[in-house]
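Peer 1: Quick one, coords-v3.pdb (PDB, C-alpha atoms):
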MODEL        1
ATOM      1  CA  MET A  14       0.000   0.000   0.000  1.00  0.00           C
ATOM      2  CA  ASN A  15       1.393   3.382  -0.971  1.00  0.00           C
ATOM      3  CA  LEU A  16       0.464   6.281   1.208  1.00  0.00           C
ATOM      4  CA  THR A  17       1.231   9.885   0.380  1.00  0.00           C
ATOM      5  CA  ILE A  18       1.282  12.487   3.108  1.00  0.00           C
ATOM      6  CA  SER A  19       1.348  16.205   2.413  1.00  0.00           C
ATOM      7  CA  GLU A  20       4.715  17.896   2.666  1.00  0.00           C
ATOM      8  CA  LYS A  21       3.395  20.149   5.442  1.00  0.00           C
ATOM      9  CA  ALA A  22       2.301  17.124   7.478  1.00  0.00           C
ATOM     10  CA  VAL A  23       5.671  15.428   6.934  1.00  0.00           C
ATOM     11  CA  VAL A  24       7.476  18.542   8.183  1.00  0.00           C
ATOM     12  CA  GLU A  25       5.217  18.842  11.247  1.00  0.00           C
ATOM     13  CA  ILE A  26       5.433  15.150  12.127  1.00  0.00           C
ATOM     14  CA  SER A  27       9.185  15.231  11.607  1.00  0.00           C
ATOM     15  CA  ALA A  28       9.513  18.211  13.970  1.00  0.00           C
ATOM     16  CA  TYR A  29       7.397  16.411  16.563  1.00  0.00           C
ATOM     17  CA  LEU A  30       9.500  13.248  16.306  1.00  0.00           C
ATOM     18  CA  THR A  31      12.701  15.294  16.557  1.00  0.00           C
ATOM     19  CA  GLY A  32      11.446  16.894  19.764  1.00  0.00           C
ATOM     20  CA  ARG A  33      10.506  13.518  21.237  1.00  0.00           C
ATOM     21  CA  LYS A  34      13.874  12.110  20.195  1.00  0.00           C
ATOM     22  CA  ARG A  35      15.678  14.878  22.080  1.00  0.00           C
ATOM     23  CA  ILE A  36      13.706  14.103  25.243  1.00  0.00           C
ATOM     24  CA  TYR A  37      14.619  10.407  25.133  1.00  0.00           C
ATOM     25  CA  GLU A  38      18.250  11.179  24.310  1.00  0.00           C
ATOM     26  CA  VAL A  39      18.465  13.366  27.424  1.00  0.00           C
ATOM     27  CA  ILE A  40      16.994  10.554  29.526  1.00  0.00           C
ATOM     28  CA  CYS A  41      19.503   8.070  28.103  1.00  0.00           C
ATOM     29  CA  LYS A  42      22.410  10.477  28.634  1.00  0.00           C
ATOM     30  CA  LYS A  43      21.421  10.961  32.275  1.00  0.00           C
ATOM     31  CA  PHE A  44      21.597   7.215  32.859  1.00  0.00           C
ATOM     32  CA  GLU A  45      24.773   6.780  30.785  1.00  0.00           C
ATOM     33  CA  ASP A  46      26.475   9.374  32.988  1.00  0.00           C
ATOM     34  CA  LYS A  47      25.270   7.567  36.105  1.00  0.00           C
ATOM     35  CA  TYR A  48      25.762   3.891  35.130  1.00  0.00           C
ATOM     36  CA  GLY A  49      27.893   3.733  31.968  1.00  0.00           C
ATOM     37  CA  SER A  50      25.610   1.565  29.861  1.00  0.00           C
ATOM     38  CA  LEU A  51      22.264  -0.160  30.123  1.00  0.00           C
ATOM     39  CA  ASN A  52      24.022  -3.516  29.803  1.00  0.00           C
ATOM     40  CA  LEU A  53      26.272  -2.683  32.764  1.00  0.00           C
ATOM     41  CA  LEU A  54      23.273  -1.651  34.856  1.00  0.00           C
ATOM     42  CA  GLU A  55      21.363  -4.801  33.969  1.00  0.00           C
ATOM     43  CA  LYS A  56      24.423  -6.916  34.779  1.00  0.00           C
ATOM     44  CA  ARG A  57      24.805  -5.119  38.124  1.00  0.00           C
ATOM     45  CA  ILE A  58      21.167  -5.829  38.973  1.00  0.00           C
ATOM     46  CA  GLU A  59      21.576  -9.465  37.954  1.00  0.00           C
ATOM     47  CA  GLU A  60      24.731  -9.924  40.033  1.00  0.00           C
ATOM     48  CA  GLU A  61      23.944  -7.773  43.091  1.00  0.00           C
ATOM     49  CA  GLY A  62      20.155  -7.712  43.095  1.00  0.00           C
ATOM     50  CA  VAL A  63      18.082  -4.735  44.145  1.00  0.00           C
ATOM     51  CA  PRO A  64      18.146  -3.604  47.778  1.00  0.00           C
ATOM     52  CA  LEU A  65      14.926  -4.058  49.729  1.00  0.00           C
ATOM     53  CA  GLY A  66      13.168  -0.767  50.155  1.00  0.00           C
ATOM     54  CA  ASN A  67      15.245   0.957  47.456  1.00  0.00           C
ATOM     55  CA  HIS A  68      14.266   0.042  43.936  1.00  0.00           C
ATOM     56  CA  THR A  69      16.158   2.894  42.270  1.00  0.00           C
ATOM     57  CA  LEU A  70      18.340   0.562  40.191  1.00  0.00           C
ATOM     58  CA  TRP A  71      15.322  -1.372  38.978  1.00  0.00           C
ATOM     59  CA  ASP A  72      13.307   1.787  38.262  1.00  0.00           C
ATOM     60  CA  ASP A  73      16.233   3.364  36.395  1.00  0.00           C
ATOM     61  CA  ALA A  74      16.744   0.220  34.296  1.00  0.00           C
ATOM     62  CA  ILE A  75      13.062   0.182  33.334  1.00  0.00           C
ATOM     63  CA  GLU A  76      12.975   3.901  32.495  1.00  0.00           C
ATOM     64  CA  TRP A  77      16.210   3.636  30.492  1.00  0.00           C
ATOM     65  CA  GLY A  78      15.023   0.570  28.610  1.00  0.00           C
ATOM     66  CA  ASN A  79      11.758   2.323  27.777  1.00  0.00           C
ATOM     67  CA  ALA A  80      13.663   5.384  26.513  1.00  0.00           C
ATOM     68  CA  VAL A  81      15.830   3.176  24.276  1.00  0.00           C
ATOM     69  CA  ALA A  82      12.714   1.451  22.921  1.00  0.00           C
ATOM     70  CA  GLU A  83      11.118   4.835  22.190  1.00  0.00           C
ATOM     71  CA  LEU A  84      14.247   5.997  20.341  1.00  0.00           C
ATOM     72  CA  ASP A  85      14.084   2.840  18.219  1.00  0.00           C
ATOM     73  CA  ARG A  86      10.389   3.462  17.531  1.00  0.00           C
ATOM     74  CA  ILE A  87      11.050   7.097  16.586  1.00  0.00           C
ATOM     75  CA  SER A  88      13.819   6.018  14.232  1.00  0.00           C
ATOM     76  CA  TYR A  89      11.455   3.545  12.559  1.00  0.00           C
ATOM     77  CA  TYR A  90       8.675   6.124  12.276  1.00  0.00           C
ATOM     78  CA  SER A  91      11.053   8.728  10.857  1.00  0.00           C
ATOM     79  CA  GLY A  92      12.293   6.323   8.206  1.00  0.00           C
ATOM     80  CA  SER A  93       8.764   5.271   7.337  1.00  0.00           C
ATOM     81  CA  LEU A  94       7.627   8.871   7.133  1.00  0.00           C
ATOM     82  CA  TRP A  95      10.203   9.818   4.537  1.00  0.00           C
ATOM     83  CA  ARG A  96       9.565   6.630   2.522  1.00  0.00           C
ATOM     84  CA  THR A  97       5.985   7.785   2.012  1.00  0.00           C
ATOM     85  CA  GLN A  98       7.318  10.680  -0.034  1.00  0.00           C
ATOM     86  CA  LYS A  99       8.802   8.646  -2.906  1.00  0.00           C
TER      87      LYS A  99
ENDMDL
END
Can you present the structure in this file as structure tokens?
Peer 2:
Amino acid sequence: MNLTISEKAVVEISAYLTGRKRIYEVICKKFEDKYGSLNLLEKRIEEEGVPLGNHTLWDDAIEWGNAVAELDRISYYSGSLWRTQK
């Protein structure tokens, strides 16, 4: 199925996605500065567990993972958006 979207809509959607991307990049950067990488944080949780009464590590891992997933989704949407303009 070929779908054509107006140029104005493409520009507006692209601007929206760019804004969302910036938000998720800031979230990821915050956690990168704190933990190094999501893999390192997940490994730390696996090896050390999460302290009772303090679920910060777990909460941070979930939030970071969600931000990464959103960045992937935005990348997919951005690519799909521009392919509609062929």
Peer 1: Using all atoms listed in the file, find the one residue out of A:Ser91, A:Gly78, A:Gly62, A:Asp72 that sits nearest to Cys41 of chain A.
Peer 2: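 Using all atoms listed in the file, Cys41 of chain A sits closest to A:Gly78.
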Peer 1: Can you tell me, as a PDB file with C-alpha atoms, in the coordinates of the input, what residues are no more than 12 Å from Glu38 of chain A when counting all atoms listed in the file, ignoring any on the same chain fewer than 2 positions away?
Peer 2:
ATOM      1  CA  THR A  31      12.701  15.294  16.557  1.00  0.00           C
ATOM      2  CA  GLY A  32      11.446  16.894  19.764  1.00  0.00           C
ATOM      3  CA  ARG A  33      10.506  13.518  21.237  1.00  0.00           C
ATOM      4  CA  LYS A  34      13.874  12.110  20.195  1.00  0.00           C
ATOM      5  CA  ARG A  35      15.678  14.878  22.080  1.00  0.00           C
ATOM      6  CA  ILE A  36      13.706  14.103  25.243  1.00  0.00           C
ATOM      7  CA  ILE A  40      16.994  10.554  29.526  1.00  0.00           C
ATOM      8  CA  CYS A  41      19.503   8.070  28.103  1.00  0.00           C
ATOM      9  CA  LYS A  42      22.410  10.477  28.634  1.00  0.00           C
ATOM     10  CA  LYS A  43      21.421  10.961  32.275  1.00  0.00           C
ATOM     11  CA  PHE A  44      21.597   7.215  32.859  1.00  0.00           C
ATOM     12  CA  GLU A  45      24.773   6.780  30.785  1.00  0.00           C
ATOM     13  CA  TRP A  77      16.210   3.636  30.492  1.00  0.00           C
ATOM     14  CA  GLY A  78      15.023   0.570  28.610  1.00  0.00           C
ATOM     15  CA  ASN A  79      11.758   2.323  27.777  1.00  0.00           C
ATOM     16  CA  ALA A  80      13.663   5.384  26.513  1.00  0.00           C
ATOM     17  CA  VAL A  81      15.830   3.176  24.276  1.00  0.00           C
ATOM     18  CA  ALA A  82      12.714   1.451  22.921  1.00  0.00           C
ATOM     19  CA  GLU A  83      11.118   4.835  22.190  1.00  0.00           C
ATOM     20  CA  LEU A  84      14.247   5.997  20.341  1.00  0.00           C
ATOM     21  CA  ASP A  85      14.084   2.840  18.219  1.00  0.00           C
ATOM     22  CA  ILE A  87      11.050   7.097  16.586  1.00  0.00           C
TER      23      ILE A  87
END
Peer 1: Could you list, as a ChimeraX atom specification, every residue within 12 Å of segment 46-48 of chain A, counting only C-alpha atoms and ignoring same-chain residues fewer than 2 positions away?
Peer 2: /A:39-44,50-58,69-70,73-74,77
Peer 1: Quick one: of A:Leu30, A:Ile18, A:Val63, A:Val24, who's nearest to Tyr90 of chain A, counting only C-alpha atoms?
Peer 2: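 Among the listed residues, the smallest separation from Tyr90 of chain A belongs to A:Leu30.
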Peer 1: Quick one: what's the axis-aligned box for segment 65-69 of chain A, all listed atoms, 6 Å on every side, centre and edges in Å to one decimal, as AutoDock Vina command-line options?
Peer 2:
--center_x 14.7 --center_y -0.6 --center_z 46.2 --size_x 15.0 --size_y 19.0 --size_z 19.9
Peer 1: Which distance in Å separates atom CA of Leu94 of chain A and atom CA of Lys21 of chain A, to one decimal?
Peer 2: 12.2 Å
Peer 1: For atom CA of Tyr29 of chain A and atom CA of Ile75 of chain A, quote the distance in Å rounded to one decimal.
Peer 2: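 Those two atoms sit 24.0 Å apart.
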Peer 1: In Å, rounded to a single decimal, give me how far atom CA of Glu61 of chain A is from atom CA of Glu76 of chain A.
Peer 2: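 Atom-to-atom, atom CA of Glu76 of chain A and atom CA of Glu61 of chain A are spaced 19.2 Å apart.
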Peer 1: Can you patch up segment 33-66 of chain A, filling it in to N, CA and C atoms, and show the result as a compact mmCIF listing (two decimals), in the frame of the given file?
Peer 2:
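Result saved to selection-v7.txt:
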# COMPACT_ATOMS: atom_id res chain seq x y z
N ARG A 33 10.61 14.71 20.39
CA ARG A 33 10.51 13.52 21.24
C ARG A 33 11.86 12.82 21.33
N LYS A 34 12.56 12.76 20.21
CA LYS A 34 13.87 12.11 20.20
C LYS A 34 14.82 12.81 21.17
N ARG A 35 14.81 14.12 21.17
CA ARG A 35 15.68 14.88 22.08
C ARG A 35 15.38 14.54 23.54
N ILE A 36 14.10 14.43 23.87
CA ILE A 36 13.71 14.10 25.24
C ILE A 36 14.29 12.75 25.65
N TYR A 37 14.14 11.75 24.79
CA TYR A 37 14.62 10.41 25.13
C TYR A 37 16.14 10.33 25.12
N GLU A 38 16.79 11.13 24.30
CA GLU A 38 18.25 11.18 24.31
C GLU A 38 18.77 11.76 25.63
N VAL A 39 18.08 12.77 26.14
CA VAL A 39 18.46 13.37 27.42
C VAL A 39 18.30 12.34 28.55
N ILE A 40 17.21 11.60 28.52
CA ILE A 40 16.99 10.55 29.53
C ILE A 40 18.11 9.52 29.47
N CYS A 41 18.43 9.06 28.26
CA CYS A 41 19.50 8.07 28.10
C CYS A 41 20.84 8.62 28.56
N LYS A 42 21.14 9.86 28.24
CA LYS A 42 22.41 10.48 28.63
C LYS A 42 22.53 10.55 30.15
N LYS A 43 21.43 10.89 30.81
CA LYS A 43 21.42 10.96 32.28
C LYS A 43 21.84 9.61 32.87
N PHE A 44 21.27 8.54 32.34
CA PHE A 44 21.60 7.22 32.86
C PHE A 44 22.99 6.75 32.42
N GLU A 45 23.41 7.12 31.23
CA GLU A 45 24.77 6.78 30.78
C GLU A 45 25.80 7.43 31.71
N ASP A 46 25.56 8.67 32.08
CA ASP A 46 26.48 9.37 32.99
C ASP A 46 26.51 8.70 34.36
N LYS A 47 25.39 8.17 34.78
CA LYS A 47 25.27 7.57 36.10
C LYS A 47 25.78 6.12 36.15
N TYR A 48 25.49 5.33 35.09
CA TYR A 48 25.76 3.89 35.13
C TYR A 48 26.73 3.38 34.05
N GLY A 49 27.00 4.17 33.05
CA GLY A 49 27.89 3.73 31.97
C GLY A 49 27.14 3.20 30.77
N SER A 50 26.42 2.12 30.95
CA SER A 50 25.61 1.56 29.86
C SER A 50 24.45 0.78 30.46
N LEU A 51 23.42 0.61 29.68
CA LEU A 51 22.26 -0.16 30.12
C LEU A 51 22.68 -1.60 30.41
N ASN A 52 23.55 -2.15 29.58
CA ASN A 52 24.02 -3.52 29.80
C ASN A 52 24.74 -3.64 31.14
N LEU A 53 25.58 -2.66 31.47
CA LEU A 53 26.27 -2.68 32.76
C LEU A 53 25.28 -2.61 33.92
N LEU A 54 24.27 -1.77 33.80
CA LEU A 54 23.27 -1.65 34.86
C LEU A 54 22.51 -2.96 35.01
N GLU A 55 22.09 -3.54 33.90
CA GLU A 55 21.36 -4.80 33.97
C GLU A 55 22.23 -5.91 34.57
N LYS A 56 23.51 -5.92 34.22
CA LYS A 56 24.42 -6.92 34.78
C LYS A 56 24.58 -6.70 36.29
N ARG A 57 24.69 -5.44 36.70
CA ARG A 57 24.80 -5.12 38.12
C ARG A 57 23.58 -5.61 38.89
N ILE A 58 22.40 -5.38 38.33
CA ILE A 58 21.17 -5.83 38.97
C ILE A 58 21.15 -7.36 39.06
N GLU A 59 21.55 -8.00 37.98
CA GLU A 59 21.58 -9.46 37.95
C GLU A 59 22.54 -10.03 39.00
N GLU A 60 23.70 -9.41 39.12
CA GLU A 60 24.73 -9.92 40.03
C GLU A 60 24.49 -9.53 41.49
N GLU A 61 24.07 -8.28 41.72
CA GLU A 61 23.94 -7.77 43.09
C GLU A 61 22.51 -7.77 43.61
N GLY A 62 21.54 -7.84 42.69
CA GLY A 62 20.16 -7.71 43.10
C GLY A 62 19.79 -6.26 43.34
N VAL A 63 18.59 -6.08 43.84
CA VAL A 63 18.08 -4.74 44.14
C VAL A 63 17.80 -4.68 45.64
N PRO A 64 18.35 -3.69 46.33
CA PRO A 64 18.15 -3.60 47.78
C PRO A 64 16.66 -3.50 48.15
N LEU A 65 16.29 -4.18 49.22
CA LEU A 65 14.93 -4.06 49.73
C LEU A 65 14.67 -2.62 50.14
N GLY A 66 13.53 -2.12 49.77
CA GLY A 66 13.17 -0.77 50.16
C GLY A 66 13.79 0.33 49.30
